[in-house]
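Shown here: start-v8.pdb, PDB, C-alpha atoms.
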ATOM      1  CA  MET X   1     -61.453 -74.570 166.941  1.00  0.00           C
ATOM      2  CA  GLN X   2     -62.549 -78.176 167.073  1.00  0.00           C
ATOM      3  CA  ASN X   3     -60.732 -81.491 167.528  1.00  0.00           C
ATOM      4  CA  ASN X   4     -62.425 -84.850 168.168  1.00  0.00           C
ATOM      5  CA  SER X   5     -65.681 -83.077 169.154  1.00  0.00           C
ATOM      6  CA  LYS X   6     -63.835 -80.974 171.733  1.00  0.00           C
ATOM      7  CA  THR X   7     -63.056 -77.283 171.428  1.00  0.00           C
ATOM      8  CA  PHE X   8     -59.554 -75.928 171.751  1.00  0.00           C
ATOM      9  CA  PHE X   9     -57.588 -72.790 171.008  1.00  0.00           C
ATOM     10  CA  PRO X  10     -54.486 -73.185 168.812  1.00  0.00           C
ATOM     11  CA  ASN X  11     -51.035 -73.083 170.369  1.00  0.00           C
ATOM     12  CA  GLN X  12     -48.341 -70.413 169.922  1.00  0.00           C
ATOM     13  CA  VAL X  13     -50.785 -67.684 168.868  1.00  0.00           C
ATOM     14  CA  THR X  14     -49.178 -64.232 168.948  1.00  0.00           C
ATOM     15  CA  SER X  15     -51.813 -62.170 167.114  1.00  0.00           C
ATOM     16  CA  ILE X  16     -55.543 -61.867 166.506  1.00  0.00           C
ATOM     17  CA  SER X  17     -57.220 -59.944 163.717  1.00  0.00           C
ATOM     18  CA  ASP X  18     -60.542 -59.091 162.113  1.00  0.00           C
ATOM     19  CA  VAL X  19     -62.189 -56.615 159.752  1.00  0.00           C
ATOM     20  CA  VAL X  20     -65.111 -54.572 161.056  1.00  0.00           C
ATOM     21  CA  THR X  21     -67.299 -52.828 158.460  1.00  0.00           C
ATOM     22  CA  ILE X  22     -69.737 -50.165 159.635  1.00  0.00           C
ATOM     23  CA  VAL X  23     -72.895 -50.927 157.659  1.00  0.00           C
ATOM     24  CA  SER X  24     -75.222 -48.265 159.096  1.00  0.00           C
ATOM     25  CA  ASP X  25     -75.705 -45.805 161.957  1.00  0.00           C
ATOM     26  CA  LEU X  26     -78.817 -46.763 163.945  1.00  0.00           C
ATOM     27  CA  GLY X  27     -78.757 -43.654 166.132  1.00  0.00           C
ATOM     28  CA  ASN X  28     -77.228 -42.938 169.507  1.00  0.00           C
ATOM     29  CA  GLN X  29     -79.362 -44.375 172.311  1.00  0.00           C
ATOM     30  CA  VAL X  30     -76.492 -44.880 174.758  1.00  0.00           C
ATOM     31  CA  PRO X  31     -77.588 -43.618 178.213  1.00  0.00           C
ATOM     32  CA  ASP X  32     -75.828 -40.814 180.053  1.00  0.00           C
ATOM     33  CA  LYS X  33     -72.261 -41.593 181.198  1.00  0.00           C
ATOM     34  CA  SER X  34     -72.473 -45.002 179.443  1.00  0.00           C
ATOM     35  CA  TRP X  35     -70.831 -46.738 176.509  1.00  0.00           C
ATOM     36  CA  MET X  36     -70.823 -49.957 174.459  1.00  0.00           C
ATOM     37  CA  LEU X  37     -67.947 -51.833 172.880  1.00  0.00           C
ATOM     38  CA  TYR X  38     -67.558 -53.746 169.610  1.00  0.00           C
ATOM     39  CA  LEU X  39     -64.847 -56.087 170.820  1.00  0.00           C
ATOM     40  CA  LEU X  40     -61.638 -57.446 169.429  1.00  0.00           C
ATOM     41  CA  GLU X  41     -60.302 -58.975 172.640  1.00  0.00           C
ATOM     42  CA  ALA X  42     -57.463 -61.344 173.491  1.00  0.00           C
ATOM     43  CA  PHE X  43     -56.462 -62.945 176.787  1.00  0.00           C
ATOM     44  CA  ASN X  44     -53.067 -64.297 177.734  1.00  0.00           C
ATOM     45  CA  SER X  45     -52.546 -67.270 180.062  1.00  0.00           C
ATOM     46  CA  GLN X  46     -52.668 -64.870 183.038  1.00  0.00           C
ATOM     47  CA  GLN X  47     -56.162 -63.783 181.895  1.00  0.00           C
ATOM     48  CA  VAL X  48     -55.076 -60.213 181.157  1.00  0.00           C
ATOM     49  CA  PRO X  49     -57.496 -58.687 178.606  1.00  0.00           C
ATOM     50  CA  ILE X  50     -55.918 -56.928 175.607  1.00  0.00           C
ATOM     51  CA  GLU X  51     -58.451 -55.133 173.386  1.00  0.00           C
ATOM     52  CA  LEU X  52     -58.794 -52.993 170.268  1.00  0.00           C
ATOM     53  CA  ASN X  53     -62.410 -51.894 170.457  1.00  0.00           C
ATOM     54  CA  LEU X  54     -64.806 -49.625 168.637  1.00  0.00           C
ATOM     55  CA  ILE X  55     -66.394 -47.743 171.550  1.00  0.00           C
ATOM     56  CA  CYS X  56     -69.682 -45.866 171.192  1.00  0.00           C
ATOM     57  CA  SER X  57     -70.362 -43.436 174.044  1.00  0.00           C
ATOM     58  CA  PHE X  58     -73.334 -41.313 175.073  1.00  0.00           C
ATOM     59  CA  ASN X  59     -71.597 -38.122 173.914  1.00  0.00           C
ATOM     60  CA  ASP X  60     -69.712 -38.974 170.701  1.00  0.00           C
ATOM     61  CA  ASP X  61     -69.955 -40.707 167.309  1.00  0.00           C
ATOM     62  CA  GLY X  62     -67.682 -43.606 168.214  1.00  0.00           C
ATOM     63  CA  LYS X  63     -63.920 -44.022 168.559  1.00  0.00           C
ATOM     64  CA  PHE X  64     -61.374 -46.823 168.361  1.00  0.00           C
ATOM     65  CA  HIS X  65     -59.375 -47.461 171.547  1.00  0.00           C
ATOM     66  CA  ALA X  66     -56.453 -49.655 172.555  1.00  0.00           C
ATOM     67  CA  ILE X  67     -57.161 -51.171 175.976  1.00  0.00           C
ATOM     68  CA  PHE X  68     -54.931 -53.165 178.286  1.00  0.00           C
ATOM     69  CA  GLY X  69     -55.974 -54.669 181.601  1.00  0.00           C
ATOM     70  CA  GLY X  70     -59.311 -52.850 181.453  1.00  0.00           C
ATOM     71  CA  VAL X  71     -57.694 -49.402 181.072  1.00  0.00           C
ATOM     72  CA  ASN X  72     -57.917 -47.245 177.937  1.00  0.00           C
ATOM     73  CA  ARG X  73     -54.347 -46.639 176.766  1.00  0.00           C
ATOM     74  CA  TYR X  74     -54.749 -44.917 173.386  1.00  0.00           C
ATOM     75  CA  GLU X  75     -57.401 -43.289 171.201  1.00  0.00           C
ATOM     76  CA  PHE X  76     -56.749 -43.933 167.512  1.00  0.00           C
ATOM     77  CA  LYS X  77     -56.671 -41.062 165.053  1.00  0.00           C
ATOM     78  CA  VAL X  78     -58.581 -43.166 162.518  1.00  0.00           C
ATOM     79  CA  LYS X  79     -62.296 -42.503 163.087  1.00  0.00           C
ATOM     80  CA  PRO X  80     -65.295 -44.772 162.366  1.00  0.00           C
ATOM     81  CA  VAL X  81     -67.275 -43.850 159.249  1.00  0.00           C
ATOM     82  CA  VAL X  82     -70.331 -45.584 157.795  1.00  0.00           C
ATOM     83  CA  ASN X  83     -69.506 -47.837 154.794  1.00  0.00           C
ATOM     84  CA  HIS X  84     -65.815 -47.995 155.732  1.00  0.00           C
ATOM     85  CA  SER X  85     -64.004 -51.221 156.646  1.00  0.00           C
ATOM     86  CA  TYR X  86     -61.298 -51.383 159.318  1.00  0.00           C
ATOM     87  CA  LEU X  87     -58.604 -54.004 159.792  1.00  0.00           C
ATOM     88  CA  ARG X  88     -57.900 -54.487 163.517  1.00  0.00           C
ATOM     89  CA  GLN X  89     -54.829 -56.344 164.755  1.00  0.00           C
ATOM     90  CA  ILE X  90     -53.428 -57.075 168.221  1.00  0.00           C
ATOM     91  CA  ILE X  91     -49.873 -58.399 167.986  1.00  0.00           C
ATOM     92  CA  MET X  92     -47.685 -59.666 170.810  1.00  0.00           C
ATOM     93  CA  GLU X  93     -44.019 -58.765 170.441  1.00  0.00           C
ATOM     94  CA  PRO X  94     -42.201 -60.637 173.237  1.00  0.00           C
ATOM     95  CA  THR X  95     -38.673 -59.880 171.998  1.00  0.00           C
ATOM     96  CA  LYS X  96     -39.420 -56.159 172.353  1.00  0.00           C
ATOM     97  CA  HIS X  97     -41.577 -56.721 175.453  1.00  0.00           C
ATOM     98  CA  ARG X  98     -44.527 -54.854 174.027  1.00  0.00           C
ATOM     99  CA  VAL X  99     -47.985 -55.199 172.486  1.00  0.00           C
ATOM    100  CA  ARG X 100     -48.678 -53.640 169.089  1.00  0.00           C
ATOM    101  CA  TYR X 101     -52.175 -52.429 168.176  1.00  0.00           C
ATOM    102  CA  ASN X 102     -52.786 -51.771 164.464  1.00  0.00           C
ATOM    103  CA  LEU X 103     -55.810 -50.077 162.895  1.00  0.00           C
ATOM    104  CA  ASN X 104     -56.168 -49.643 159.135  1.00  0.00           C
ATOM    105  CA  ASP X 105     -59.064 -47.937 157.341  1.00  0.00           C
ATOM    106  CA  ILE X 106     -59.130 -50.215 154.292  1.00  0.00           C
ATOM    107  CA  THR X 107     -61.440 -47.801 152.456  1.00  0.00           C
ATOM    108  CA  THR X 108     -59.096 -44.790 152.644  1.00  0.00           C
ATOM    109  CA  GLY X 109     -55.754 -46.443 153.381  1.00  0.00           C
ATOM    110  CA  LYS X 110     -55.250 -44.446 156.591  1.00  0.00           C
ATOM    111  CA  THR X 111     -53.422 -46.347 159.322  1.00  0.00           C
ATOM    112  CA  ASP X 112     -52.528 -45.812 162.953  1.00  0.00           C
ATOM    113  CA  SER X 113     -50.551 -47.944 165.400  1.00  0.00           C
ATOM    114  CA  PHE X 114     -49.928 -47.910 169.119  1.00  0.00           C
ATOM    115  CA  PHE X 115     -47.134 -49.718 170.962  1.00  0.00           C
ATOM    116  CA  LEU X 116     -47.622 -50.536 174.624  1.00  0.00           C
ATOM    117  CA  GLN X 117     -44.425 -51.331 176.491  1.00  0.00           C
ATOM    118  CA  ILE X 118     -44.857 -54.015 179.179  1.00  0.00           C
ATOM    119  CA  ASP X 119     -42.553 -53.487 182.162  1.00  0.00           C
ATOM    120  CA  ASP X 120     -43.619 -56.640 184.007  1.00  0.00           C
ATOM    121  CA  SER X 121     -40.951 -59.294 183.283  1.00  0.00           C
ATOM    122  CA  SER X 122     -43.384 -62.080 184.237  1.00  0.00           C
ATOM    123  CA  PHE X 123     -45.992 -61.092 181.644  1.00  0.00           C
ATOM    124  CA  ASP X 124     -46.902 -63.983 179.318  1.00  0.00           C
ATOM    125  CA  PHE X 125     -47.047 -62.904 175.663  1.00  0.00           C
ATOM    126  CA  SER X 126     -48.976 -65.950 174.459  1.00  0.00           C
ATOM    127  CA  ILE X 127     -52.651 -65.603 173.470  1.00  0.00           C
ATOM    128  CA  VAL X 128     -54.958 -68.322 174.787  1.00  0.00           C
ATOM    129  CA  ARG X 129     -58.439 -66.871 174.120  1.00  0.00           C
ATOM    130  CA  HIS X 130     -60.078 -64.535 171.606  1.00  0.00           C
ATOM    131  CA  PHE X 131     -63.469 -62.819 172.020  1.00  0.00           C
ATOM    132  CA  THR X 132     -65.581 -61.079 169.409  1.00  0.00           C
ATOM    133  CA  GLY X 133     -68.959 -59.385 169.843  1.00  0.00           C
ATOM    134  CA  LEU X 134     -70.530 -56.749 172.084  1.00  0.00           C
ATOM    135  CA  GLU X 135     -70.286 -55.489 175.640  1.00  0.00           C
ATOM    136  CA  TRP X 136     -72.580 -53.017 177.403  1.00  0.00           C
ATOM    137  CA  HIS X 137     -71.709 -50.572 180.199  1.00  0.00           C
ATOM    138  CA  ASN X 138     -74.817 -48.871 181.596  1.00  0.00           C
ATOM    139  CA  ARG X 139     -74.089 -46.321 184.336  1.00  0.00           C
ATOM    140  CA  VAL X 140     -77.701 -45.268 184.929  1.00  0.00           C
ATOM    141  CA  GLY X 141     -79.486 -48.621 184.936  1.00  0.00           C
ATOM    142  CA  ASN X 142     -79.075 -52.379 184.885  1.00  0.00           C
ATOM    143  CA  ILE X 143     -80.427 -53.159 181.419  1.00  0.00           C
ATOM    144  CA  PRO X 144     -78.745 -53.192 177.979  1.00  0.00           C
ATOM    145  CA  TYR X 145     -79.743 -50.619 175.354  1.00  0.00           C
ATOM    146  CA  PRO X 146     -79.998 -50.631 171.525  1.00  0.00           C
ATOM    147  CA  VAL X 147     -76.789 -50.899 169.507  1.00  0.00           C
ATOM    148  CA  ARG X 148     -75.397 -47.795 167.838  1.00  0.00           C
ATOM    149  CA  PHE X 149     -73.965 -49.276 164.630  1.00  0.00           C
ATOM    150  CA  GLU X 150     -74.909 -52.197 162.456  1.00  0.00           C
ATOM    151  CA  VAL X 151     -71.579 -53.801 161.618  1.00  0.00           C
ATOM    152  CA  GLU X 152     -70.184 -56.752 159.740  1.00  0.00           C
ATOM    153  CA  ILE X 153     -67.348 -58.754 161.289  1.00  0.00           C
ATOM    154  CA  SER X 154     -65.183 -60.637 158.799  1.00  0.00           C
ATOM    155  CA  HIS X 155     -61.716 -62.142 158.373  1.00  0.00           C
ATOM    156  CA  LEU X 156     -61.671 -63.447 161.947  1.00  0.00           C
ATOM    157  CA  SER X 157     -58.207 -64.954 162.253  1.00  0.00           C
ATOM    158  CA  TYR X 158     -55.310 -65.777 164.519  1.00  0.00           C
ATOM    159  CA  GLY X 159     -51.651 -65.241 163.739  1.00  0.00           C
ATOM    160  CA  ILE X 160     -48.569 -67.326 164.455  1.00  0.00           C
ATOM    161  CA  ASN X 161     -45.048 -65.966 164.094  1.00  0.00           C
ATOM    162  CA  ASP X 162     -43.207 -68.379 161.791  1.00  0.00           C
ATOM    163  CA  ASP X 163     -39.848 -66.594 162.140  1.00  0.00           C
ATOM    164  CA  PRO X 164     -38.918 -65.449 165.673  1.00  0.00           C
ATOM    165  CA  SER X 165     -36.155 -63.227 164.292  1.00  0.00           C
ATOM    166  CA  ASP X 166     -38.702 -61.238 162.251  1.00  0.00           C
ATOM    167  CA  LEU X 167     -41.549 -59.634 164.218  1.00  0.00           C
ATOM    168  CA  LEU X 168     -43.510 -58.973 161.028  1.00  0.00           C
ATOM    169  CA  SER X 169     -43.377 -62.598 159.889  1.00  0.00           C
ATOM    170  CA  LEU X 170     -46.928 -63.547 160.821  1.00  0.00           C
ATOM    171  CA  ALA X 171     -48.987 -66.271 159.195  1.00  0.00           C
ATOM    172  CA  TYR X 172     -52.742 -65.830 159.708  1.00  0.00           C
ATOM    173  CA  PHE X 173     -55.263 -68.648 159.784  1.00  0.00           C
ATOM    174  CA  PRO X 174     -59.089 -68.673 159.862  1.00  0.00           C
ATOM    175  CA  TYR X 175     -61.152 -70.084 162.711  1.00  0.00           C
ATOM    176  CA  ASN X 176     -63.521 -72.956 162.023  1.00  0.00           C
ATOM    177  CA  GLN X 177     -65.948 -72.416 164.898  1.00  0.00           C
ATOM    178  CA  LEU X 178     -67.538 -69.772 167.135  1.00  0.00           C
ATOM    179  CA  ILE X 179     -68.794 -70.636 170.611  1.00  0.00           C
ATOM    180  CA  LYS X 180     -71.543 -68.764 172.448  1.00  0.00           C
ATOM    181  CA  ASN X 181     -70.577 -66.837 175.549  1.00  0.00           C
ATOM    182  CA  GLN X 182     -73.082 -67.518 178.327  1.00  0.00           C
ATOM    183  CA  LYS X 183     -71.848 -65.089 180.983  1.00  0.00           C
ATOM    184  CA  GLY X 184     -74.184 -62.190 180.238  1.00  0.00           C
ATOM    185  CA  LEU X 185     -76.096 -60.599 183.118  1.00  0.00           C
ATOM    186  CA  ALA X 186     -79.354 -59.952 181.252  1.00  0.00           C
ATOM    187  CA  LYS X 187     -81.749 -62.610 179.968  1.00  0.00           C
ATOM    188  CA  GLU X 188     -82.154 -60.845 176.633  1.00  0.00           C
ATOM    189  CA  TYR X 189     -80.222 -58.241 174.687  1.00  0.00           C
ATOM    190  CA  PRO X 190     -81.494 -55.781 172.031  1.00  0.00           C
ATOM    191  CA  VAL X 191     -79.142 -57.142 169.393  1.00  0.00           C
ATOM    192  CA  SER X 192     -79.107 -59.618 166.549  1.00  0.00           C
ATOM    193  CA  HIS X 193     -76.117 -61.731 165.535  1.00  0.00           C
ATOM    194  CA  HIS X 194     -77.005 -62.895 162.040  1.00  0.00           C
ATOM    195  CA  SER X 195     -75.929 -63.594 158.442  1.00  0.00           C
ATOM    196  CA  TYR X 196     -73.304 -66.146 159.465  1.00  0.00           C
ATOM    197  CA  GLU X 197     -71.346 -67.458 156.518  1.00  0.00           C
ATOM    198  CA  ILE X 198     -67.904 -68.558 155.404  1.00  0.00           C
ATOM    199  CA  ARG X 199     -66.495 -66.003 152.966  1.00  0.00           C
ATOM    200  CA  ASN X 200     -63.120 -66.547 151.331  1.00  0.00           C
ATOM    201  CA  GLY X 201     -62.479 -69.167 153.988  1.00  0.00           C
ATOM    202  CA  TYR X 202     -63.214 -66.851 156.961  1.00  0.00           C
ATOM    203  CA  ILE X 203     -66.163 -66.727 159.346  1.00  0.00           C
ATOM    204  CA  THR X 204     -68.292 -63.639 158.712  1.00  0.00           C
ATOM    205  CA  TYR X 205     -71.347 -62.359 160.585  1.00  0.00           C
ATOM    206  CA  LYS X 206     -73.347 -59.190 161.255  1.00  0.00           C
ATOM    207  CA  ILE X 207     -74.356 -57.392 164.438  1.00  0.00           C
ATOM    208  CA  GLY X 208     -77.505 -55.271 164.323  1.00  0.00           C
ATOM    209  CA  SER X 209     -80.678 -54.398 166.167  1.00  0.00           C
ATOM    210  CA  GLY X 210     -83.048 -57.145 167.254  1.00  0.00           C
ATOM    211  CA  GLU X 211     -83.423 -59.570 170.140  1.00  0.00           C
ATOM    212  CA  HIS X 212     -80.997 -62.153 171.376  1.00  0.00           C
ATOM    213  CA  GLY X 213     -80.619 -64.418 174.373  1.00  0.00           C
ATOM    214  CA  GLN X 214     -77.907 -64.512 177.012  1.00  0.00           C
ATOM    215  CA  ASP X 215     -74.827 -64.554 174.746  1.00  0.00           C
ATOM    216  CA  ASP X 216     -73.739 -60.957 174.147  1.00  0.00           C
ATOM    217  CA  ARG X 217     -70.313 -61.999 172.896  1.00  0.00           C
ATOM    218  CA  ARG X 218     -68.848 -64.688 170.714  1.00  0.00           C
ATOM    219  CA  VAL X 219     -65.653 -66.563 171.434  1.00  0.00           C
ATOM    220  CA  CYS X 220     -63.455 -68.125 168.777  1.00  0.00           C
TER
END

Can you give me the file's structure in the form of C-alpha cells?
Amino acid sequence: MQNNSKTFFPNQVTSISDVVTIVSDLGNQVPDKSWMLYLLEAFNSQQVPIELNLICSFNDDGKFHAIFGGVNRYEFKVKPVVNHSYLRQIIMEPTKHRVRYNLNDITTGKTDSFFLQIDDSSFDFSIVRHFTGLEWHNRVGNIPYPVRFEVEISHLSYGINDDPSDLLSLAYFPYNQLIKNQKGLAKEYPVSHHSYEIRNGYITYKIGSGEHGQDDRRVC
C-alpha cells in the first residue's frame, strides 16, 4: 500500500487471500529431500508466520499445506491440478482463539478447511505483513532449482472484519502495490515473475521459468 510516497500495511487486517491458477507442469526437478513453496504467508505483530502454501517436493506432484510457526499442521484433501484455480484464505478468528485456513478448488467446487486452535493467550491475531511468491529449500546444495509449476497469482487481497459479532463478515480489498523482497541468499533465481497487470481491480502476475535477481518473493 502507498501513502504520501511511503509504503504501509493497512490496519485491522484479519485475513489475506489470493487465487492461484496452475497454468502448466514444467517437470519435477526438485533435488532429493528438498521442496519449494508457492507462498500465501501472513505475519502477526509478533512475527509469527502463518501460511497456506502449495508445496512441491522431490517425491510428489504437489500438495497444499497449512503451516503455523514454520511447522506443517495440515495437508489439504484438495490436490493441485493443471488448469485448475484455487482460492486460498487465511482468516484470524480472535473470538474463537483460532486461525482458519480455507482452500477452494474454484474449477470443481471442492473445498477443505482447517482450524488451528491457539492456546497462547498472548498471541496477537492482527496481520501486519503479507508475502506472496516463492521459497526454495535445497537439502543437497546451496543453489535454487527450476520451478515445478507455472502459476498465475490473482485476486491478491486483504480482509477486514466489519462486524465483530459475525466471524464470516469479511470485507476484502485489493492491494495497490507490490514491493520486492531483497532477502534472498542467491544472486539469481531460475524463475520469472511476469505479466503484471490489474485485472478486475486486483493485482495479477505469473510465476514461471526464467531468470530473476535477488527477490524470490513479493510483499504486498

Find the residues near X:Glu211: any atom within 6 Å, counting only C-alpha atoms, skip ones fewer than 4 places away on the same chain, and give them as a PyMOL selection string. chain X and resi 189-192

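The gap separating atom CA of X:Pro31 from atom CA of X:Val48 is 28.1 Å, in Å to one decimal.
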
When the PyMOL selection byres ((chain X and resi 17) around 6) is applied to the structure above, which residues does it catch, written out as a ChimeraX atom specification? /X:16,18,88-89,156-157

Surrounding residues of X:Ser209 excluding itself and chain neighbours under 3 positions, 12 Å, only C-alpha atoms, as a PyMOL selection string: chain X and resi 24-27+29+134+145-151+189-194+206+212

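Each of X:Ser45, X:Asn142, X:Thr21, X:Ser113 was compared to X:Asn83 using only C-alpha atoms, and X:Thr21 turns out to be the nearest.
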
To verify the selection step, state as a VMD selection string which residues the PyMOL selection byres ((chain X and resi 158) around 9) yields on this input. chain X and resid 10 13 to 18 130 156 to 157 159 to 160 171 to 175

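The two atoms in question, atom CA of X:Pro144 and atom CA of X:Leu40, are spaced 19.6 Å apart.
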